[in-house]
Amino acid sequence: MILVGDVGGTKTNVALLETDGREVGAVLAQHKFPSAGYDSLEKMVGEFLAAAGQPKLTRACFGVAGPVMDGRVDATNLKWDVSADSLSGALGIEHVSIINDLEATAYGVEVLAPHQLHTLNEGDARRGGHRALIAAGTGLGMASIVWDEGRYHPVPSEGGHIDFAPRNGLEVEMFNHLLKNEEFGGHLSYERVLSGPGLFTVYNFLRDIKFAEEADWLAAEINNGDDASAAISKAALQKKSELAMKALDMFVEIYGAMAGNLSLLVIATGGCYIGGGIAPKIIEKLKDGTFMESFLAKGRFRALLADMPVHVILDDKTALYGAARQALQTGVQA
């Protein structure tokens, strides 16, 4: 029995999977928790296991959003300090590992079937090679998946916090506008504009420069709801707000551009995978060509990028599959 978790800033997905010691089997129990509703992962997991009848565990692995150092991670968008040693004590088992959340997703990519993906670009899948993984959600995660000696090796990163690079006049104006935001401390990373909160940031910029009038009904939904970005994306997809439509356009253009940047960094001839919670929710927008045009707009290297397969991950349990695979492969990992 393997306990796995995908720990994010908004929600944490926890599951029990069976195993024969070599292969990961079926998901036996699963639950999504609001991350901010708990002050530790140990309390959340304890509640989950109690509801599941206190099963006997053999191993556990948790993918956590943040840099993992010596078996510990200070979660980027949570007030948690997650430790393999602490979890091992709480669970009463030796084999507990903590890995980056995108590393967990990267391990999971290998077991996905075609129906768990939506392909934006067929590319030349025969070439194989390294893969790129980018995922916008509460934050922005990136990872490379290196092909070496006949197998894939996930390599985590904190690429979401690299400097945002504007590509046109409007993005330059947004860059200068957002640098004045004291919350950002004079540094504008990709995560600030390419994430759930990032879509709201882009929308606010367009509203502030009077790109279009903000509809009263949308302003009320944003102010009264729990998820401003969800209200904005819904209005954009339904074509009810010019301001929301432009914000989503910019968001998807930036998403495609950064995915293309990462694919060039990795030389992702094995494909670029788009993970995270946002992509499946805006899949119709991703299909309209905006994402791929920005992905390909790399001048002399357009042809190389055109040969790279690009897939959207539709299964929100991918990181759980990957965490279980990593637990089986290595037992304990810092």
# chains A, B, ... in the order shown; residues from 1 in each chain; ligands from 1
>>> residues_around(residues="segment 27-41 of chain A", least_positions_apart="5", cutoff="7 Å", atoms="only C-alpha atoms", output="PyMOL selection string")
chain A and resi 9-18+80+82
>>> write_last_selection(atoms="N, CA, C and O atoms", output="mmCIF file, in the first residue's frame")
data_model
loop_
_atom_site.group_PDB
_atom_site.id
_atom_site.type_symbol
_atom_site.label_atom_id
_atom_site.label_comp_id
_atom_site.auth_asym_id
_atom_site.auth_seq_id
_atom_site.Cartn_x
_atom_site.Cartn_y
_atom_site.Cartn_z
ATOM 1 N N GLY A 9 -0.646 24.915 -3.723
ATOM 2 C CA GLY A 9 -1.001 26.082 -2.933
ATOM 3 C C GLY A 9 -2.491 26.208 -2.671
ATOM 4 O O GLY A 9 -2.905 26.773 -1.658
ATOM 5 N N THR A 10 -3.328 25.706 -3.583
ATOM 6 C CA THR A 10 -4.778 25.792 -3.426
ATOM 7 C C THR A 10 -5.358 24.504 -2.873
ATOM 8 O O THR A 10 -6.163 24.522 -1.937
ATOM 9 N N LYS A 11 -4.973 23.381 -3.460
ATOM 10 C CA LYS A 11 -5.514 22.099 -3.019
ATOM 11 C C LYS A 11 -4.406 21.059 -2.930
ATOM 12 O O LYS A 11 -3.366 21.172 -3.575
ATOM 13 N N THR A 12 -4.667 20.050 -2.100
ATOM 14 C CA THR A 12 -3.765 18.913 -1.971
ATOM 15 C C THR A 12 -4.550 17.648 -2.258
ATOM 16 O O THR A 12 -5.596 17.404 -1.652
ATOM 17 N N ASN A 13 -4.057 16.869 -3.195
ATOM 18 C CA ASN A 13 -4.699 15.625 -3.597
ATOM 19 C C ASN A 13 -3.943 14.471 -2.940
ATOM 20 O O ASN A 13 -2.736 14.321 -3.155
ATOM 21 N N VAL A 14 -4.629 13.671 -2.139
ATOM 22 C CA VAL A 14 -4.010 12.555 -1.418
ATOM 23 C C VAL A 14 -4.694 11.263 -1.854
ATOM 24 O O VAL A 14 -5.913 11.232 -2.060
ATOM 25 N N ALA A 15 -3.913 10.199 -2.009
ATOM 26 C CA ALA A 15 -4.491 8.933 -2.469
ATOM 27 C C ALA A 15 -3.733 7.745 -1.904
ATOM 28 O O ALA A 15 -2.558 7.844 -1.536
ATOM 29 N N LEU A 16 -4.413 6.615 -1.873
ATOM 30 C CA LEU A 16 -3.823 5.316 -1.565
ATOM 31 C C LEU A 16 -3.832 4.491 -2.847
ATOM 32 O O LEU A 16 -4.857 4.408 -3.533
ATOM 33 N N LEU A 17 -2.698 3.905 -3.177
ATOM 34 C CA LEU A 17 -2.608 3.034 -4.340
ATOM 35 C C LEU A 17 -2.062 1.681 -3.920
ATOM 36 O O LEU A 17 -1.181 1.601 -3.060
ATOM 37 N N GLU A 18 -2.570 0.639 -4.541
ATOM 38 C CA GLU A 18 -2.050 -0.687 -4.265
ATOM 39 C C GLU A 18 -0.854 -0.960 -5.172
ATOM 40 O O GLU A 18 -0.690 -0.342 -6.213
ATOM 41 N N TRP A 80 3.691 26.071 5.080
ATOM 42 C CA TRP A 80 4.051 24.738 5.547
ATOM 43 C C TRP A 80 5.543 24.508 5.383
ATOM 44 O O TRP A 80 6.146 24.951 4.420
ATOM 45 N N VAL A 82 7.434 21.099 4.998
ATOM 46 C CA VAL A 82 7.198 19.671 4.824
ATOM 47 C C VAL A 82 8.518 18.924 4.949
ATOM 48 O O VAL A 82 9.499 19.255 4.284
#
>>> residues_around(residues="Gly123 of chain A", least_positions_apart="4", cutoff="6 Å", atoms="only C-alpha atoms", output="ChimeraX atom specification")
/A:306-309
>>> write_last_selection(atoms="C-alpha atoms", output="tab-separated table (two decimals), in the first residue's frame")
chain	number	residue	atom	x	y	z
A	306	ALA	CA	7.19	22.68	-35.16
A	307	ASP	CA	8.61	19.14	-35.00
A	308	MET	CA	8.08	18.94	-31.23
A	309	PRO	CA	4.85	17.25	-30.05
>>> closest_residue(among="A:Leu206, A:Leu57, A:Ile313, A:Leu262", to="Glu242 of chain A", atoms="only C-alpha atoms")
A:Leu206
>>> residues_around(residues="Ala279 of chain A", least_positions_apart="3", cutoff="10 Å", atoms="only C-alpha atoms", output="ChimeraX atom specification")
/A:135-137,252,255,274-276,282-286,312-314
>>> write_last_selection(atoms="all heavy atoms", output="short mmCIF file (atom, residue, chain, number, x, y, z; two decimals), in the first residue's frame")
data_model
loop_
_atom_site.label_atom_id
_atom_site.label_comp_id
_atom_site.auth_asym_id
_atom_site.auth_seq_id
_atom_site.Cartn_x
_atom_site.Cartn_y
_atom_site.Cartn_z
N ALA A 135 3.66 23.86 -16.07
CA ALA A 135 2.34 23.73 -15.45
C ALA A 135 1.98 24.99 -14.69
O ALA A 135 2.62 25.34 -13.69
CB ALA A 135 2.33 22.52 -14.51
N ALA A 136 0.95 25.67 -15.17
CA ALA A 136 0.43 26.85 -14.48
C ALA A 136 -0.76 26.44 -13.62
O ALA A 136 -1.69 25.77 -14.09
CB ALA A 136 0.01 27.92 -15.48
N GLY A 137 -0.72 26.84 -12.36
CA GLY A 137 -1.82 26.59 -11.43
C GLY A 137 -1.81 27.72 -10.42
O GLY A 137 -1.79 28.89 -10.79
N VAL A 252 -2.59 33.34 -22.53
CA VAL A 252 -2.30 32.18 -23.35
C VAL A 252 -1.10 32.45 -24.26
O VAL A 252 -0.27 31.55 -24.51
CB VAL A 252 -3.54 31.77 -24.17
CG1 VAL A 252 -3.21 30.71 -25.21
CG2 VAL A 252 -4.63 31.26 -23.23
N TYR A 255 1.85 32.04 -22.06
CA TYR A 255 1.99 30.61 -21.76
C TYR A 255 2.69 29.89 -22.91
O TYR A 255 3.64 29.13 -22.73
CB TYR A 255 0.60 30.01 -21.52
CG TYR A 255 0.54 28.81 -20.61
CD1 TYR A 255 -0.68 28.40 -20.08
CD2 TYR A 255 1.68 28.08 -20.25
CE1 TYR A 255 -0.78 27.29 -19.22
CE2 TYR A 255 1.60 26.99 -19.40
CZ TYR A 255 0.37 26.59 -18.89
OH TYR A 255 0.28 25.51 -18.04
N ILE A 274 1.97 20.12 -21.14
CA ILE A 274 1.36 21.24 -20.42
C ILE A 274 0.52 20.66 -19.30
O ILE A 274 -0.51 20.02 -19.53
CB ILE A 274 0.47 22.09 -21.35
CG1 ILE A 274 1.16 22.35 -22.70
CG2 ILE A 274 0.08 23.39 -20.66
CD1 ILE A 274 2.48 23.05 -22.60
N GLY A 275 0.97 20.85 -18.06
CA GLY A 275 0.26 20.32 -16.90
C GLY A 275 -0.45 21.42 -16.14
O GLY A 275 -0.71 22.50 -16.65
N GLY A 276 -0.74 21.15 -14.88
CA GLY A 276 -1.38 22.15 -14.03
C GLY A 276 -2.89 22.15 -14.16
O GLY A 276 -3.47 21.56 -15.08
N ILE A 282 -9.21 25.74 -19.74
CA ILE A 282 -9.25 26.69 -20.86
C ILE A 282 -8.87 25.99 -22.16
O ILE A 282 -8.35 26.62 -23.07
CB ILE A 282 -8.35 27.91 -20.60
CG1 ILE A 282 -6.87 27.49 -20.44
CG2 ILE A 282 -8.81 28.68 -19.37
CD1 ILE A 282 -5.90 28.66 -20.47
N ILE A 283 -9.13 24.68 -22.22
CA ILE A 283 -8.68 23.89 -23.36
C ILE A 283 -9.22 24.42 -24.69
O ILE A 283 -8.52 24.38 -25.71
CB ILE A 283 -9.05 22.40 -23.16
CG1 ILE A 283 -8.36 21.51 -24.20
CG2 ILE A 283 -10.56 22.21 -23.18
CD1 ILE A 283 -6.88 21.41 -24.03
N GLU A 284 -10.45 24.94 -24.69
CA GLU A 284 -11.00 25.47 -25.94
C GLU A 284 -10.19 26.67 -26.43
O GLU A 284 -10.02 26.86 -27.64
CB GLU A 284 -12.47 25.85 -25.76
CG GLU A 284 -13.38 24.65 -25.51
CD GLU A 284 -13.24 23.57 -26.58
OE1 GLU A 284 -13.22 23.93 -27.78
OE2 GLU A 284 -13.13 22.39 -26.22
N LYS A 285 -9.71 27.48 -25.51
CA LYS A 285 -8.86 28.61 -25.89
C LYS A 285 -7.51 28.13 -26.38
O LYS A 285 -6.94 28.67 -27.34
CB LYS A 285 -8.69 29.56 -24.70
CG LYS A 285 -7.80 30.77 -24.98
CD LYS A 285 -8.37 31.63 -26.08
CE LYS A 285 -7.45 32.79 -26.43
NZ LYS A 285 -7.94 33.57 -27.59
N LEU A 286 -6.96 27.11 -25.75
CA LEU A 286 -5.67 26.57 -26.16
C LEU A 286 -5.74 25.97 -27.57
O LEU A 286 -4.74 25.93 -28.29
CB LEU A 286 -5.19 25.50 -25.18
CG LEU A 286 -4.90 25.98 -23.75
CD1 LEU A 286 -4.46 24.81 -22.89
CD2 LEU A 286 -3.85 27.07 -23.74
N VAL A 312 -1.44 18.59 -23.88
CA VAL A 312 -2.04 19.07 -22.63
C VAL A 312 -2.42 17.85 -21.79
O VAL A 312 -3.09 16.93 -22.28
CB VAL A 312 -3.30 19.92 -22.90
CG1 VAL A 312 -3.94 20.35 -21.58
CG2 VAL A 312 -2.95 21.14 -23.74
N ILE A 313 -1.98 17.83 -20.54
CA ILE A 313 -2.31 16.73 -19.62
C ILE A 313 -3.72 16.96 -19.08
O ILE A 313 -3.99 17.99 -18.45
CB ILE A 313 -1.29 16.65 -18.47
CG1 ILE A 313 0.11 16.36 -19.02
CG2 ILE A 313 -1.71 15.59 -17.46
CD1 ILE A 313 1.20 16.44 -17.96
N LEU A 314 -4.61 16.01 -19.31
CA LEU A 314 -6.00 16.14 -18.88
C LEU A 314 -6.28 15.46 -17.54
O LEU A 314 -7.25 15.82 -16.87
CB LEU A 314 -6.92 15.53 -19.95
CG LEU A 314 -6.82 16.12 -21.35
CD1 LEU A 314 -7.75 15.38 -22.30
CD2 LEU A 314 -7.13 17.61 -21.35
#
>>> residues_around(residues="segment 174-183 of chain A", least_positions_apart="3", cutoff="9 Å", atoms="only C-alpha atoms", output="count of residues only")
13
>>> select_by_dssp(residues="segment 70-304 of chain A", states="strand (DSSP E or B)", output="PDB file with N, CA, C and O atoms, in the first residue's frame")
ATOM      1  N   ARG A  72      13.495  18.216   2.800  1.00  0.00           N
ATOM      2  CA  ARG A  72      12.589  19.224   3.338  1.00  0.00           C
ATOM      3  C   ARG A  72      12.226  20.209   2.236  1.00  0.00           C
ATOM      4  O   ARG A  72      12.996  20.426   1.310  1.00  0.00           O
ATOM      5  N   VAL A  73      11.054  20.818   2.385  1.00  0.00           N
ATOM      6  CA  VAL A  73      10.664  21.859   1.446  1.00  0.00           C
ATOM      7  C   VAL A  73       9.801  22.885   2.170  1.00  0.00           C
ATOM      8  O   VAL A  73       8.896  22.532   2.933  1.00  0.00           O
ATOM      9  N   ASP A  74      10.119  24.142   1.940  1.00  0.00           N
ATOM     10  CA  ASP A  74       9.289  25.241   2.424  1.00  0.00           C
ATOM     11  C   ASP A  74       8.340  25.556   1.273  1.00  0.00           C
ATOM     12  O   ASP A  74       8.715  26.219   0.312  1.00  0.00           O
ATOM     13  N   ASP A  81       6.075  23.758   6.328  1.00  0.00           N
ATOM     14  CA  ASP A  81       7.423  23.209   6.202  1.00  0.00           C
ATOM     15  C   ASP A  81       7.253  21.703   6.173  1.00  0.00           C
ATOM     16  O   ASP A  81       6.913  21.093   7.183  1.00  0.00           O
ATOM     17  N   VAL A  82       7.434  21.099   4.998  1.00  0.00           N
ATOM     18  CA  VAL A  82       7.198  19.671   4.824  1.00  0.00           C
ATOM     19  C   VAL A  82       8.518  18.924   4.949  1.00  0.00           C
ATOM     20  O   VAL A  82       9.499  19.255   4.284  1.00  0.00           O
ATOM     21  N   SER A  83       8.547  17.902   5.777  1.00  0.00           N
ATOM     22  CA  SER A  83       9.769  17.168   6.056  1.00  0.00           C
ATOM     23  C   SER A  83       9.524  15.667   5.932  1.00  0.00           C
ATOM     24  O   SER A  83       8.552  15.143   6.483  1.00  0.00           O
ATOM     25  N   HIS A  95      10.053   4.369   4.650  1.00  0.00           N
ATOM     26  CA  HIS A  95      10.233   4.853   3.292  1.00  0.00           C
ATOM     27  C   HIS A  95       9.268   5.992   2.957  1.00  0.00           C
ATOM     28  O   HIS A  95       8.161   5.765   2.459  1.00  0.00           O
ATOM     29  N   VAL A  96       9.680   7.212   3.256  1.00  0.00           N
ATOM     30  CA  VAL A  96       8.917   8.406   2.901  1.00  0.00           C
ATOM     31  C   VAL A  96       9.826   9.329   2.106  1.00  0.00           C
ATOM     32  O   VAL A  96      10.952   9.617   2.529  1.00  0.00           O
ATOM     33  N   SER A  97       9.363   9.778   0.960  1.00  0.00           N
ATOM     34  CA  SER A  97      10.171  10.687   0.146  1.00  0.00           C
ATOM     35  C   SER A  97       9.380  11.934  -0.192  1.00  0.00           C
ATOM     36  O   SER A  97       8.158  11.911  -0.354  1.00  0.00           O
ATOM     37  N   ILE A  98      10.106  13.033  -0.298  1.00  0.00           N
ATOM     38  CA  ILE A  98       9.546  14.323  -0.695  1.00  0.00           C
ATOM     39  C   ILE A  98      10.239  14.732  -1.989  1.00  0.00           C
ATOM     40  O   ILE A  98      11.472  14.779  -2.055  1.00  0.00           O
ATOM     41  N   ILE A  99       9.451  15.024  -3.011  1.00  0.00           N
ATOM     42  CA  ILE A  99      10.005  15.490  -4.275  1.00  0.00           C
ATOM     43  C   ILE A  99       9.236  16.727  -4.722  1.00  0.00           C
ATOM     44  O   ILE A  99       8.147  17.023  -4.219  1.00  0.00           O
ATOM     45  N   ASN A 100       9.788  17.437  -5.665  1.00  0.00           N
ATOM     46  CA  ASN A 100       9.099  18.591  -6.235  1.00  0.00           C
ATOM     47  C   ASN A 100       7.831  18.135  -6.951  1.00  0.00           C
ATOM     48  O   ASN A 100       7.787  17.048  -7.534  1.00  0.00           O
ATOM     49  N   LEU A 117      -4.528  12.762 -22.614  1.00  0.00           N
ATOM     50  CA  LEU A 117      -3.831  13.915 -23.184  1.00  0.00           C
ATOM     51  C   LEU A 117      -4.681  14.538 -24.288  1.00  0.00           C
ATOM     52  O   LEU A 117      -5.489  13.854 -24.921  1.00  0.00           O
ATOM     53  N   HIS A 118      -4.479  15.825 -24.514  1.00  0.00           N
ATOM     54  CA  HIS A 118      -4.999  16.462 -25.729  1.00  0.00           C
ATOM     55  C   HIS A 118      -3.807  17.030 -26.488  1.00  0.00           C
ATOM     56  O   HIS A 118      -3.017  17.799 -25.924  1.00  0.00           O
ATOM     57  N   THR A 119      -3.660  16.663 -27.728  1.00  0.00           N
ATOM     58  CA  THR A 119      -2.495  17.060 -28.514  1.00  0.00           C
ATOM     59  C   THR A 119      -2.766  18.360 -29.257  1.00  0.00           C
ATOM     60  O   THR A 119      -3.690  18.448 -30.073  1.00  0.00           O
ATOM     61  N   LEU A 120      -1.949  19.375 -28.975  1.00  0.00           N
ATOM     62  CA  LEU A 120      -2.031  20.652 -29.673  1.00  0.00           C
ATOM     63  C   LEU A 120      -1.175  20.659 -30.933  1.00  0.00           C
ATOM     64  O   LEU A 120      -1.462  21.392 -31.877  1.00  0.00           O
ATOM     65  N   ASN A 121      -0.111  19.855 -30.922  1.00  0.00           N
ATOM     66  CA  ASN A 121       0.782  19.773 -32.073  1.00  0.00           C
ATOM     67  C   ASN A 121       1.323  18.351 -32.172  1.00  0.00           C
ATOM     68  O   ASN A 121       1.931  17.852 -31.238  1.00  0.00           O
ATOM     69  N   ARG A 131      12.200  15.756 -22.916  1.00  0.00           N
ATOM     70  CA  ARG A 131      10.865  16.342 -22.831  1.00  0.00           C
ATOM     71  C   ARG A 131      10.889  17.569 -21.938  1.00  0.00           C
ATOM     72  O   ARG A 131      11.741  17.693 -21.059  1.00  0.00           O
ATOM     73  N   ALA A 132       9.934  18.462 -22.165  1.00  0.00           N
ATOM     74  CA  ALA A 132       9.744  19.642 -21.323  1.00  0.00           C
ATOM     75  C   ALA A 132       8.381  19.541 -20.649  1.00  0.00           C
ATOM     76  O   ALA A 132       7.432  19.012 -21.229  1.00  0.00           O
ATOM     77  N   LEU A 133       8.290  20.054 -19.429  1.00  0.00           N
ATOM     78  CA  LEU A 133       7.033  20.052 -18.685  1.00  0.00           C
ATOM     79  C   LEU A 133       6.835  21.420 -18.061  1.00  0.00           C
ATOM     80  O   LEU A 133       7.717  21.928 -17.364  1.00  0.00           O
ATOM     81  N   ILE A 134       5.689  22.031 -18.315  1.00  0.00           N
ATOM     82  CA  ILE A 134       5.358  23.335 -17.733  1.00  0.00           C
ATOM     83  C   ILE A 134       3.930  23.274 -17.229  1.00  0.00           C
ATOM     84  O   ILE A 134       3.067  22.671 -17.874  1.00  0.00           O
ATOM     85  N   ALA A 135       3.663  23.859 -16.070  1.00  0.00           N
ATOM     86  CA  ALA A 135       2.344  23.726 -15.452  1.00  0.00           C
ATOM     87  C   ALA A 135       1.976  24.991 -14.689  1.00  0.00           C
ATOM     88  O   ALA A 135       2.623  25.337 -13.694  1.00  0.00           O
ATOM     89  N   ALA A 136       0.947  25.673 -15.168  1.00  0.00           N
ATOM     90  CA  ALA A 136       0.425  26.845 -14.476  1.00  0.00           C
ATOM     91  C   ALA A 136      -0.762  26.438 -13.621  1.00  0.00           C
ATOM     92  O   ALA A 136      -1.687  25.774 -14.095  1.00  0.00           O
ATOM     93  N   LEU A 140       3.625  28.589 -10.872  1.00  0.00           N
ATOM     94  CA  LEU A 140       4.084  28.131 -12.185  1.00  0.00           C
ATOM     95  C   LEU A 140       5.259  27.187 -11.982  1.00  0.00           C
ATOM     96  O   LEU A 140       6.296  27.569 -11.437  1.00  0.00           O
ATOM     97  N   GLY A 141       5.085  25.943 -12.411  1.00  0.00           N
ATOM     98  CA  GLY A 141       6.144  24.955 -12.288  1.00  0.00           C
ATOM     99  C   GLY A 141       6.725  24.586 -13.631  1.00  0.00           C
ATOM    100  O   GLY A 141       6.050  24.655 -14.663  1.00  0.00           O
ATOM    101  N   MET A 142       7.993  24.197 -13.621  1.00  0.00           N
ATOM    102  CA  MET A 142       8.661  23.734 -14.830  1.00  0.00           C
ATOM    103  C   MET A 142       9.606  22.596 -14.457  1.00  0.00           C
ATOM    104  O   MET A 142      10.131  22.545 -13.340  1.00  0.00           O
ATOM    105  N   ALA A 143       9.820  21.700 -15.414  1.00  0.00           N
ATOM    106  CA  ALA A 143      10.783  20.617 -15.223  1.00  0.00           C
ATOM    107  C   ALA A 143      11.257  20.147 -16.590  1.00  0.00           C
ATOM    108  O   ALA A 143      10.561  20.312 -17.598  1.00  0.00           O
ATOM    109  N   SER A 144      12.433  19.577 -16.606  1.00  0.00           N
ATOM    110  CA  SER A 144      12.910  18.891 -17.804  1.00  0.00           C
ATOM    111  C   SER A 144      12.877  17.393 -17.525  1.00  0.00           C
ATOM    112  O   SER A 144      12.993  16.960 -16.370  1.00  0.00           O
ATOM    113  N   ILE A 145      12.680  16.618 -18.582  1.00  0.00           N
ATOM    114  CA  ILE A 145      12.638  15.165 -18.463  1.00  0.00           C
ATOM    115  C   ILE A 145      13.688  14.633 -19.441  1.00  0.00           C
ATOM    116  O   ILE A 145      13.463  14.577 -20.652  1.00  0.00           O
ATOM    117  N   VAL A 146      14.833  14.300 -18.900  1.00  0.00           N
ATOM    118  CA  VAL A 146      16.007  13.996 -19.710  1.00  0.00           C
ATOM    119  C   VAL A 146      16.008  12.528 -20.134  1.00  0.00           C
ATOM    120  O   VAL A 146      15.810  11.626 -19.308  1.00  0.00           O
ATOM    121  N   TRP A 147      16.244  12.284 -21.424  1.00  0.00           N
ATOM    122  CA  TRP A 147      16.351  10.922 -21.953  1.00  0.00           C
ATOM    123  C   TRP A 147      17.821  10.504 -21.928  1.00  0.00           C
ATOM    124  O   TRP A 147      18.673  11.145 -22.533  1.00  0.00           O
ATOM    125  N   ASP A 148      18.110   9.443 -21.173  1.00  0.00           N
ATOM    126  CA  ASP A 148      19.493   8.998 -21.056  1.00  0.00           C
ATOM    127  C   ASP A 148      19.516   7.509 -20.745  1.00  0.00           C
ATOM    128  O   ASP A 148      18.773   7.041 -19.862  1.00  0.00           O
ATOM    129  N   ARG A 151      16.084   5.519 -20.649  1.00  0.00           N
ATOM    130  CA  ARG A 151      14.963   5.849 -19.773  1.00  0.00           C
ATOM    131  C   ARG A 151      14.933   7.350 -19.510  1.00  0.00           C
ATOM    132  O   ARG A 151      15.902   8.065 -19.754  1.00  0.00           O
ATOM    133  N   TYR A 152      13.774   7.794 -19.006  1.00  0.00           N
ATOM    134  CA  TYR A 152      13.586   9.209 -18.709  1.00  0.00           C
ATOM    135  C   TYR A 152      13.945   9.520 -17.255  1.00  0.00           C
ATOM    136  O   TYR A 152      13.625   8.740 -16.349  1.00  0.00           O
ATOM    137  N   HIS A 153      14.597  10.665 -17.064  1.00  0.00           N
ATOM    138  CA  HIS A 153      15.013  11.117 -15.739  1.00  0.00           C
ATOM    139  C   HIS A 153      14.457  12.521 -15.500  1.00  0.00           C
ATOM    140  O   HIS A 153      14.946  13.495 -16.090  1.00  0.00           O
ATOM    141  N   PRO A 154      13.442  12.672 -14.648  1.00  0.00           N
ATOM    142  CA  PRO A 154      12.919  14.000 -14.353  1.00  0.00           C
ATOM    143  C   PRO A 154      13.938  14.861 -13.612  1.00  0.00           C
ATOM    144  O   PRO A 154      14.636  14.382 -12.715  1.00  0.00           O
ATOM    145  N   VAL A 155      14.030  16.121 -14.006  1.00  0.00           N
ATOM    146  CA  VAL A 155      14.921  17.081 -13.359  1.00  0.00           C
ATOM    147  C   VAL A 155      14.077  18.289 -12.942  1.00  0.00           C
ATOM    148  O   VAL A 155      13.604  19.036 -13.797  1.00  0.00           O
ATOM    149  N   PRO A 156      13.865  18.485 -11.632  1.00  0.00           N
ATOM    150  CA  PRO A 156      13.031  19.606 -11.182  1.00  0.00           C
ATOM    151  C   PRO A 156      13.740  20.937 -11.359  1.00  0.00           C
ATOM    152  O   PRO A 156      14.970  20.994 -11.546  1.00  0.00           O
ATOM    153  N   ASP A 163      13.074  35.685 -14.646  1.00  0.00           N
ATOM    154  CA  ASP A 163      12.607  37.005 -15.049  1.00  0.00           C
ATOM    155  C   ASP A 163      11.620  36.922 -16.211  1.00  0.00           C
ATOM    156  O   ASP A 163      11.872  36.245 -17.213  1.00  0.00           O
ATOM    157  N   SER A 189       8.550  37.989 -12.064  1.00  0.00           N
ATOM    158  CA  SER A 189       8.820  36.638 -12.567  1.00  0.00           C
ATOM    159  C   SER A 189       7.676  36.201 -13.475  1.00  0.00           C
ATOM    160  O   SER A 189       6.599  36.801 -13.498  1.00  0.00           O
ATOM    161  N   CYS A 272       6.639  18.506 -25.521  1.00  0.00           N
ATOM    162  CA  CYS A 272       6.380  19.466 -24.448  1.00  0.00           C
ATOM    163  C   CYS A 272       5.017  19.133 -23.858  1.00  0.00           C
ATOM    164  O   CYS A 272       4.025  19.002 -24.587  1.00  0.00           O
ATOM    165  N   TYR A 273       4.968  18.998 -22.540  1.00  0.00           N
ATOM    166  CA  TYR A 273       3.733  18.626 -21.842  1.00  0.00           C
ATOM    167  C   TYR A 273       3.254  19.814 -21.006  1.00  0.00           C
ATOM    168  O   TYR A 273       4.032  20.416 -20.262  1.00  0.00           O
ATOM    169  N   ILE A 274       1.972  20.119 -21.144  1.00  0.00           N
ATOM    170  CA  ILE A 274       1.361  21.237 -20.424  1.00  0.00           C
ATOM    171  C   ILE A 274       0.516  20.663 -19.299  1.00  0.00           C
ATOM    172  O   ILE A 274      -0.510  20.022 -19.530  1.00  0.00           O
ATOM    173  N   GLY A 275       0.972  20.846 -18.058  1.00  0.00           N
ATOM    174  CA  GLY A 275       0.261  20.323 -16.904  1.00  0.00           C
ATOM    175  C   GLY A 275      -0.446  21.424 -16.140  1.00  0.00           C
ATOM    176  O   GLY A 275      -0.712  22.504 -16.655  1.00  0.00           O
TER     177      GLY A 275
END
>>> select_by_dssp(residues="segment 99-320 of chain A", states="alpha helix (DSSP H)", output="ChimeraX atom specification")
/A:101-109,169-178,196-208,216-224,228-237,242-266,278-281,283-286,290-296,302-306,318-320
>>> closest_residue(among="A:Gly322, A:Gly289, A:Gly8, A:Gly277", to="Asp249 of chain A", atoms="only C-alpha atoms")
A:Gly289
>>> closest_residue(among="A:Met292, A:Leu112, A:Val310, A:Leu243", to="Ile209 of chain A", atoms="only C-alpha atoms")
A:Leu243
>>> residues_around(residues="segment 229-235 of chain A", least_positions_apart="2", cutoff="8 Å", atoms="only C-alpha atoms", output="list in words")
Gly196, Pro197, Leu199, Phe200, Tyr203, Leu218, Glu221, Ile222, Gly225, Asp227, Leu237, Gln238, Lys239, Lys240, Ser241, Ala244, Met245, Leu248 and Ile282 of chain A
>>> residues_around(residues="Gly66 of chain A", least_positions_apart="2", cutoff="6 Å", atoms="only C-alpha atoms", output="PyMOL selection string")
chain A and resi 64+75-76
>>> write_last_selection(atoms="N, CA and C atoms", output="short mmCIF file (atom, residue, chain, number, x, y, z; two decimals), in the first residue's frame")
data_model
loop_
_atom_site.label_atom_id
_atom_site.label_comp_id
_atom_site.auth_asym_id
_atom_site.auth_seq_id
_atom_site.Cartn_x
_atom_site.Cartn_y
_atom_site.Cartn_z
N VAL A 64 5.64 18.20 -3.76
CA VAL A 64 5.33 19.47 -3.11
C VAL A 64 5.84 20.63 -3.95
N ALA A 75 7.11 25.06 1.34
CA ALA A 75 6.17 25.15 0.23
C ALA A 75 6.01 26.61 -0.21
N THR A 76 6.14 26.84 -1.52
CA THR A 76 6.20 28.19 -2.07
C THR A 76 4.96 29.01 -1.76
#
